[in-house]
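structure.cif follows (mmCIF, C-alpha atoms):
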```cif
data_final
loop_
_atom_site.label_atom_id
_atom_site.label_comp_id
_atom_site.auth_asym_id
_atom_site.auth_seq_id
_atom_site.Cartn_x
_atom_site.Cartn_y
_atom_site.Cartn_z
CA MET A 1 0.00 0.00 0.00
CA TYR A 2 1.37 3.41 -1.02
CA ARG A 3 0.97 5.84 1.92
CA ILE A 4 0.38 9.57 1.40
CA ILE A 5 -0.02 12.26 4.05
CA THR A 6 -1.14 15.85 3.46
CA VAL A 7 0.19 18.51 5.85
CA CYS A 8 -0.88 22.06 6.74
CA THR A 9 -0.73 24.18 9.91
CA GLY A 10 -3.35 22.79 12.29
CA ASN A 11 -5.03 19.99 10.33
CA ILE A 12 -8.51 21.48 10.41
CA CYS A 13 -8.85 23.03 6.92
CA ARG A 14 -6.45 22.53 4.03
CA SER A 15 -4.83 19.20 4.82
CA PRO A 16 -8.02 17.33 5.71
CA MET A 17 -9.71 18.76 2.61
CA ALA A 18 -6.76 17.57 0.53
CA GLU A 19 -6.94 14.18 2.27
CA PHE A 20 -10.63 13.66 1.49
CA VAL A 21 -10.42 14.98 -2.09
CA LEU A 22 -7.34 12.89 -2.88
CA THR A 23 -8.91 9.79 -1.31
CA HIS A 24 -12.01 10.34 -3.44
CA ALA A 25 -9.92 10.83 -6.60
CA LEU A 26 -7.94 7.65 -5.94
CA ALA A 27 -11.16 5.68 -5.43
CA ALA A 28 -12.65 7.13 -8.61
CA ALA A 29 -9.52 6.03 -10.48
CA GLY A 30 -9.87 2.49 -9.10
CA LEU A 31 -6.83 2.87 -6.86
CA ALA A 32 -8.48 2.76 -3.42
CA GLY A 33 -6.77 -0.54 -2.61
CA GLU A 34 -3.40 0.70 -3.84
CA ALA A 35 -2.99 3.91 -1.84
CA ALA A 36 -4.09 5.35 1.51
CA VAL A 37 -4.22 9.03 2.42
CA ASP A 38 -4.26 10.71 5.82
CA SER A 39 -3.43 14.19 7.10
CA ALA A 40 -1.78 16.10 9.91
CA GLY A 41 -0.70 19.57 10.99
CA ILE A 42 2.77 20.95 11.59
CA SER A 43 1.59 22.36 14.91
CA ASP A 44 -0.48 20.94 17.75
CA TRP A 45 -2.60 24.11 17.98
CA GLU A 46 -5.77 22.37 16.84
CA ALA A 47 -5.06 18.79 17.99
CA GLY A 48 -8.25 16.92 18.78
CA ARG A 49 -10.55 19.46 17.14
CA PRO A 50 -12.92 18.55 14.30
CA ILE A 51 -12.57 19.88 10.79
CA ASP A 52 -13.41 23.57 10.41
CA PRO A 53 -17.15 23.93 9.64
CA ARG A 54 -16.43 25.93 6.47
CA ALA A 55 -14.17 23.16 5.15
CA ALA A 56 -16.75 20.52 6.11
CA ARG A 57 -19.45 22.43 4.19
CA ARG A 58 -17.27 22.64 1.05
CA LEU A 59 -16.54 18.92 1.24
CA ALA A 60 -20.24 18.15 1.78
CA LEU A 61 -21.07 20.07 -1.41
CA ALA A 62 -18.87 17.56 -3.21
CA GLY A 63 -20.57 14.66 -1.42
CA LEU A 64 -17.61 14.00 0.88
CA THR A 65 -18.14 13.26 4.58
CA SER A 66 -15.64 14.61 7.10
CA GLN A 67 -17.39 14.36 10.49
CA ALA A 68 -15.02 11.71 11.88
CA HIS A 69 -11.92 13.87 11.30
CA ARG A 70 -9.92 14.99 14.35
CA ALA A 71 -6.85 17.19 13.99
CA ARG A 72 -3.45 15.82 14.91
CA GLN A 73 0.16 16.90 14.76
CA PHE A 74 2.64 15.43 12.28
CA GLU A 75 4.99 12.94 13.92
CA ARG A 76 8.58 12.53 12.74
CA LEU A 77 8.26 8.74 12.65
CA TRP A 78 5.85 9.18 9.75
CA PHE A 79 8.82 10.00 7.52
CA GLN A 80 9.48 6.24 7.70
CA ASP A 81 5.86 5.15 7.23
CA ARG A 82 4.76 7.45 4.42
CA ASP A 83 5.86 7.25 0.80
CA LEU A 84 4.78 10.79 -0.10
CA ILE A 85 4.41 13.82 2.19
CA LEU A 86 2.40 16.60 0.57
CA SER A 87 2.72 20.09 1.97
CA LEU A 88 -0.05 22.61 1.41
CA ASP A 89 2.13 25.73 1.60
CA ALA A 90 5.77 26.76 1.46
CA ASP A 91 6.11 27.31 5.23
CA HIS A 92 5.01 23.74 5.93
CA TYR A 93 7.29 22.51 3.16
CA ASP A 94 10.29 24.27 4.71
CA GLU A 95 9.46 22.93 8.18
CA LEU A 96 9.05 19.37 6.91
CA LEU A 97 12.43 19.58 5.18
CA ARG A 98 13.95 20.97 8.39
CA ILE A 99 12.67 18.16 10.63
CA ALA A 100 13.27 15.34 8.14
CA PRO A 101 15.82 12.91 9.59
CA ASP A 102 17.77 12.40 6.35
CA ASP A 103 17.92 12.95 2.59
CA ALA A 104 15.67 9.96 1.87
CA ALA A 105 12.96 11.53 4.03
CA ARG A 106 13.43 14.95 2.43
CA ARG A 107 12.93 13.42 -1.03
CA LYS A 108 9.43 12.31 0.07
CA VAL A 109 8.35 15.92 0.74
CA ARG A 110 6.58 17.66 -2.14
CA MET A 111 4.19 20.53 -2.52
CA PHE A 112 0.62 19.33 -3.07
CA ARG A 113 0.30 21.46 -6.20
CA SER A 114 3.66 20.42 -7.61
CA PHE A 115 1.70 17.80 -9.57
CA ASP A 116 -0.40 20.50 -11.26
CA PRO A 117 1.02 20.83 -14.81
CA ALA A 118 0.43 24.59 -14.68
CA LEU A 119 2.66 24.90 -11.57
CA ALA A 120 5.13 22.03 -11.96
CA GLY A 121 8.69 23.28 -11.80
CA ARG A 122 7.79 26.50 -10.01
CA ARG A 123 9.16 27.46 -6.62
CA PRO A 124 7.28 26.12 -3.56
CA GLU A 125 6.16 29.70 -2.75
CA GLU A 126 4.22 29.69 -6.02
CA GLN A 127 2.56 26.31 -5.39
CA GLY A 128 0.94 26.95 -2.02
CA ILE A 129 -2.70 26.81 -1.10
CA TYR A 130 -3.21 29.79 1.21
#
```
Would you mind writing the file out in structure tokens?
Amino acid sequence: MYRIITVCTGNICRSPMAEFVLTHALAAAGLAGEAAVDSAGISDWEAGRPIDPRAARRLALAGLTSQAHRARQFERLWFQDRDLILSLDADHYDELLRIAPDDAARRKVRMFRSFDPALAGRRPEEQGIY
């Protein structure tokens, strides 16, 4: 199973939205059994809190349920467990690179929008979701 984690500040808006949208896209592509997606925040500011109501409403409009989500902080051991670590903005990207234990872990860190053909190859500051 290929493991992906999306990361933002507190894990109540951007990263859980990215988690649910990416999970839905993988399922729609017939890859649900091939990859798993979860999310976390760089900080523990929101740990234990549910998804922000505005984010939950946007997901609900797309038919995605998010009520079970609870925010949590990224743990360094996940560098070992995850195959791809997707940052939602450049600050998170820089922090993930800073706390990564080695070069192999740093190579797993990408900007979420670095896969967008319109933004591929641009600097992380230009690929953020703010």
Within 6 Å of segment 7-29 of chain A, which residues of segment 44-94 of chain A show up? Give each one with its shortest atom-to-atom distance in Å (one decimal) and the two atoms involved, counting all atoms listed in the file, rows by chain then rising residue number, as JSON lines.
```
{"residue": "A:Trp45", "atom": "CA", "partner": "A:Gly10", "partner_atom": "CA", "distance": 5.9}
{"residue": "A:Glu46", "atom": "CA", "partner": "A:Gly10", "partner_atom": "CA", "distance": 5.2}
{"residue": "A:Ile51", "atom": "CA", "partner": "A:Ile12", "partner_atom": "CA", "distance": 4.4}
{"residue": "A:Asp52", "atom": "CA", "partner": "A:Ile12", "partner_atom": "CA", "distance": 5.3}
{"residue": "A:Ala55", "atom": "CA", "partner": "A:Cys13", "partner_atom": "CA", "distance": 5.6}
{"residue": "A:Ala71", "atom": "CA", "partner": "A:Asn11", "partner_atom": "CA", "distance": 5.0}
{"residue": "A:Ser87", "atom": "CA", "partner": "A:Val7", "partner_atom": "CA", "distance": 4.9}
{"residue": "A:Leu88", "atom": "CA", "partner": "A:Cys8", "partner_atom": "CA", "distance": 5.4}
```
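Using all atoms listed in the file, the smallest distance between any of A:Arg82, A:Ser66, A:Arg58, A:Asp44 and Thr6 of chain A comes from A:Arg82.
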For a quick check of your reading of the model, name the residues lying within 9 Å of the coordinate (0.0, 28.6, -4.3), counting only C-alpha atoms, and write them as a list of chain:residue names.
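Answer for this query, in the requested form: A:Leu88, A:Asp89, A:Ala90, A:Arg113, A:Leu119, A:Pro124, A:Glu125, A:Glu126, A:Gln127, A:Gly128, A:Ile129, A:Tyr130.
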Atom CA of Leu77 of chain A and atom CA of Ile99 of chain A are how many Å apart?
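For atom CA of Leu77 of chain A relative to atom CA of Ile99 of chain A, the distance reads 10.6 Å.
We find atom CA of Gly48 of chain A and atom CA of Arg3 of chain A to be spaced 22.2 Å apart.
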Which value, in Å to one decimal, gives the distance between atom CA of Ser43 of chain A and atom CA of His92 of chain A?
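Atom CA of His92 of chain A lies 9.7 Å from atom CA of Ser43 of chain A.
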Set the distance at 7 Å and use all atoms listed in the file: which residues neighbour Ala36 of chain A once local chain neighbours fewer than 6 positions away are removed? I'd like the list as a short mmCIF file (atom, residue, chain, number, x, y, z; two decimals) with C-alpha atoms, keeping the file's coordinate frame.
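Once everything was written out, this is result08.cif:
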```cif
data_model
loop_
_atom_site.label_atom_id
_atom_site.label_comp_id
_atom_site.auth_asym_id
_atom_site.auth_seq_id
_atom_site.Cartn_x
_atom_site.Cartn_y
_atom_site.Cartn_z
CA MET A 1 0.00 0.00 0.00
CA TYR A 2 1.37 3.41 -1.02
CA ARG A 3 0.97 5.84 1.92
CA ILE A 4 0.38 9.57 1.40
#
```
Taking all atoms listed in the file into account, name the residue in A:Arg54, A:Asp116, A:Arg123, A:Phe79 that is nearest to Asp102 of chain A.
A:Phe79
Show me the residues close to (6.5, 15.0, 10.3) - anything with an atom within 10 Å, counting only C-alpha atoms - and format the list as a list in words.
Ile5, Val7, Ala40, Gly41, Ile42, Ser43, Gln73, Phe74, Glu75, Arg76, Leu77, Trp78, Phe79, Gln80, Arg82, Ile85, His92, Glu95, Leu96, Leu97, Arg98, Ile99, Ala100, Pro101, Ala105 and Val109 of chain A
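Each of A:Ala104, A:Met111, A:Ala60, A:Pro50 was checked against Asp91 of chain A using all atoms listed in the file; the smallest atom-to-atom distance is that of A:Met111.
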Using the partial input, fill out segment 12-40 of chain A with N, CA and C atoms; write the result as an mmCIF file, in the frame of the given file.
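Saved to result-v2.cif:
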```
data_model
loop_
_atom_site.group_PDB
_atom_site.id
_atom_site.type_symbol
_atom_site.label_atom_id
_atom_site.label_comp_id
_atom_site.auth_asym_id
_atom_site.auth_seq_id
_atom_site.Cartn_x
_atom_site.Cartn_y
_atom_site.Cartn_z
ATOM 1 N N ILE A 12 -7.057 21.332 10.330
ATOM 2 C CA ILE A 12 -8.510 21.480 10.410
ATOM 3 C C ILE A 12 -9.127 22.019 9.112
ATOM 4 N N CYS A 13 -8.302 22.486 8.179
ATOM 5 C CA CYS A 13 -8.850 23.030 6.920
ATOM 6 C C CYS A 13 -8.216 22.394 5.687
ATOM 7 N N ARG A 14 -7.059 22.918 5.306
ATOM 8 C CA ARG A 14 -6.450 22.530 4.030
ATOM 9 C C ARG A 14 -6.054 21.065 3.958
ATOM 10 N N SER A 15 -5.305 20.579 4.941
ATOM 11 C CA SER A 15 -4.830 19.200 4.820
ATOM 12 C C SER A 15 -5.936 18.156 4.903
ATOM 13 N N PRO A 16 -6.954 18.325 5.769
ATOM 14 C CA PRO A 16 -8.020 17.330 5.710
ATOM 15 C C PRO A 16 -8.830 17.423 4.412
ATOM 16 N N MET A 17 -9.015 18.640 3.898
ATOM 17 C CA MET A 17 -9.710 18.760 2.610
ATOM 18 C C MET A 17 -8.918 18.037 1.530
ATOM 19 N N ALA A 18 -7.601 18.246 1.514
ATOM 20 C CA ALA A 18 -6.760 17.570 0.530
ATOM 21 C C ALA A 18 -6.833 16.054 0.720
ATOM 22 N N GLU A 19 -6.835 15.613 1.977
ATOM 23 C CA GLU A 19 -6.940 14.180 2.270
ATOM 24 C C GLU A 19 -8.216 13.580 1.679
ATOM 25 N N PHE A 20 -9.359 14.218 1.948
ATOM 26 C CA PHE A 20 -10.630 13.660 1.490
ATOM 27 C C PHE A 20 -10.777 13.744 -0.030
ATOM 28 N N VAL A 21 -10.334 14.840 -0.629
ATOM 29 C CA VAL A 21 -10.420 14.980 -2.090
ATOM 30 C C VAL A 21 -9.504 13.978 -2.777
ATOM 31 N N LEU A 22 -8.286 13.828 -2.275
ATOM 32 C CA LEU A 22 -7.340 12.890 -2.880
ATOM 33 C C LEU A 22 -7.826 11.443 -2.694
ATOM 34 N N THR A 23 -8.355 11.124 -1.538
ATOM 35 C CA THR A 23 -8.910 9.790 -1.310
ATOM 36 C C THR A 23 -10.032 9.498 -2.290
ATOM 37 N N HIS A 24 -10.901 10.488 -2.487
ATOM 38 C CA HIS A 24 -12.010 10.340 -3.440
ATOM 39 C C HIS A 24 -11.488 10.149 -4.868
ATOM 40 N N ALA A 25 -10.488 10.932 -5.249
ATOM 41 C CA ALA A 25 -9.920 10.830 -6.600
ATOM 42 C C ALA A 25 -9.266 9.465 -6.823
ATOM 43 N N LEU A 26 -8.567 8.970 -5.821
ATOM 44 C CA LEU A 26 -7.940 7.650 -5.940
ATOM 45 C C LEU A 26 -9.005 6.558 -6.093
ATOM 46 N N ALA A 27 -10.079 6.657 -5.322
ATOM 47 C CA ALA A 27 -11.160 5.680 -5.430
ATOM 48 C C ALA A 27 -11.809 5.747 -6.807
ATOM 49 N N ALA A 28 -12.038 6.960 -7.294
ATOM 50 C CA ALA A 28 -12.650 7.130 -8.610
ATOM 51 C C ALA A 28 -11.767 6.557 -9.720
ATOM 52 N N ALA A 29 -10.464 6.565 -9.499
ATOM 53 C CA ALA A 29 -9.520 6.030 -10.480
ATOM 54 C C ALA A 29 -9.293 4.523 -10.298
ATOM 55 N N GLY A 30 -10.012 3.922 -9.345
ATOM 56 C CA GLY A 30 -9.870 2.490 -9.100
ATOM 57 C C GLY A 30 -8.623 2.121 -8.320
ATOM 58 N N LEU A 31 -8.082 3.087 -7.588
ATOM 59 C CA LEU A 31 -6.830 2.870 -6.860
ATOM 60 C C LEU A 31 -6.999 2.842 -5.341
ATOM 61 N N ALA A 32 -8.226 2.716 -4.863
ATOM 62 C CA ALA A 32 -8.480 2.760 -3.420
ATOM 63 C C ALA A 32 -7.691 1.690 -2.672
ATOM 64 N N GLY A 33 -7.522 0.527 -3.258
ATOM 65 C CA GLY A 33 -6.770 -0.540 -2.610
ATOM 66 C C GLY A 33 -5.273 -0.431 -2.768
ATOM 67 N N GLU A 34 -4.828 0.536 -3.559
ATOM 68 C CA GLU A 34 -3.400 0.700 -3.840
ATOM 69 C C GLU A 34 -2.744 1.794 -3.009
ATOM 70 N N ALA A 35 -3.546 2.764 -2.552
ATOM 71 C CA ALA A 35 -2.990 3.910 -1.840
ATOM 72 C C ALA A 35 -3.923 4.324 -0.707
ATOM 73 N N ALA A 36 -3.337 4.838 0.360
ATOM 74 C CA ALA A 36 -4.090 5.350 1.510
ATOM 75 C C ALA A 36 -3.611 6.773 1.794
ATOM 76 N N VAL A 37 -4.545 7.627 2.159
ATOM 77 C CA VAL A 37 -4.220 9.030 2.420
ATOM 78 C C VAL A 37 -4.693 9.391 3.824
ATOM 79 N N ASP A 38 -3.853 10.121 4.548
ATOM 80 C CA ASP A 38 -4.260 10.710 5.820
ATOM 81 C C ASP A 38 -3.696 12.123 5.877
ATOM 82 N N SER A 39 -3.870 12.805 7.001
ATOM 83 C CA SER A 39 -3.430 14.190 7.100
ATOM 84 C C SER A 39 -2.991 14.523 8.515
ATOM 85 N N ALA A 40 -2.255 15.627 8.617
ATOM 86 C CA ALA A 40 -1.780 16.100 9.910
ATOM 87 C C ALA A 40 -1.401 17.573 9.788
#
```
